[in-house]
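> Sending over a structure as structure tokens; questions will come in a sec.
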Amino acid sequence: MNIEETLELLRSLVRVLVVDDFELWHTFVHMRLEDEPNLHVIGVSTDGLDAVRKAQELRPDLILLDISLPKLNGLEAARQIRKVALNRRYFS
């Protein structure tokens, strides 16, 4: 694979953050997503506060976010992620 093919592959990957406090479920989701050639799980989180931190740090393309989470529920985590993302020009 040459450099151009490698760059094209990297651009086509969807970087995913999986957020769920039920370990068996997020492990299953992670394994299933890794079977997809254009998806790459870049992180897993088990609570809302950590999800916000990881979203800021990792800047995923897609976040699979549970609504019922410890420390900060998924809806509030989504609000905070969106606020930070818009402030940092996360979305284009």
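Here, A, B, ... name the chains of the structure tokens in the order displayed, residue numbers run from 1 inside each chain, and ligands are numbered from 1 in the same displayed order.
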Do you know which residues are at most 10 Å from A:Glu23 counting only C-alpha atoms, after dropping those on the same chain fewer than 4 positions away, and could you put them as a list in words?
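Near A:Glu23, the qualifying residues are Val19, Thr27, Phe28, Val29, Val44, Ser45 and Thr46 of chain A.
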> Quick one: DSSP strand (DSSP E) residues in stretch 50-90 of chain A, as a list of chain:residue names?
A:Leu62, A:Ile63, A:Leu64, A:Leu65
> Determine the nearest neighbour of A:Asn38 from the options A:Gly74, A:Arg15, A:Ala51, A:Ala85, counting only C-alpha atoms.
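Among the listed residues, A:Arg15 lies closest to A:Asn38.
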> For the alpha helix (DSSP H) assignment from backbone DSSP, which residues of chain A qualify? Please present them as a PyMOL selection string.
chain A and resi 3-12+23-34+48-58+74-87
> Quick one: residues within 10 Å of A:Asp61, only C-alpha atoms counted, chain neighbours fewer than 5 positions away excluded, as a list in words?
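The filter keeps Leu13, Val14, Arg15, Val16, Leu17, Leu39, His40, Ile42, Ala55, Tyr90 and Phe91 of chain A.
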> Could you list, as a PyMOL selection string, every residue within 10 Å of A:Gln56, counting only C-alpha atoms and ignoring same-chain residues fewer than 4 positions away?
chain A and resi 50-52+60+80-82+84-85+88+90
> Near A:Val18, counting only C-alpha atoms, which residues have an atom at most 8 Å away, once you skip same-chain residues fewer than 4 positions from it, shown as a list in words?
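The filter keeps His26, Val29, His30, Val41, Gly43, Val44, Ser45, Ile63, Leu64 and Leu65 of chain A.
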> Kindly give the distance, in Å, that separates atom CA of A:Met31 and atom CA of A:Arg79, rounded to a single decimal.
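Pair atom CA of A:Met31 / atom CA of A:Arg79 returns 27.3 Å.
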> Here is a test: counting only C-alpha atoms, which residue of A:Lys54, A:Arg59, A:Asn2, A:Asp47 is nearest to A:Glu76?
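Of A:Lys54, A:Arg59, A:Asn2, A:Asp47, the one nearest A:Glu76 is A:Asp47, counting only C-alpha atoms.
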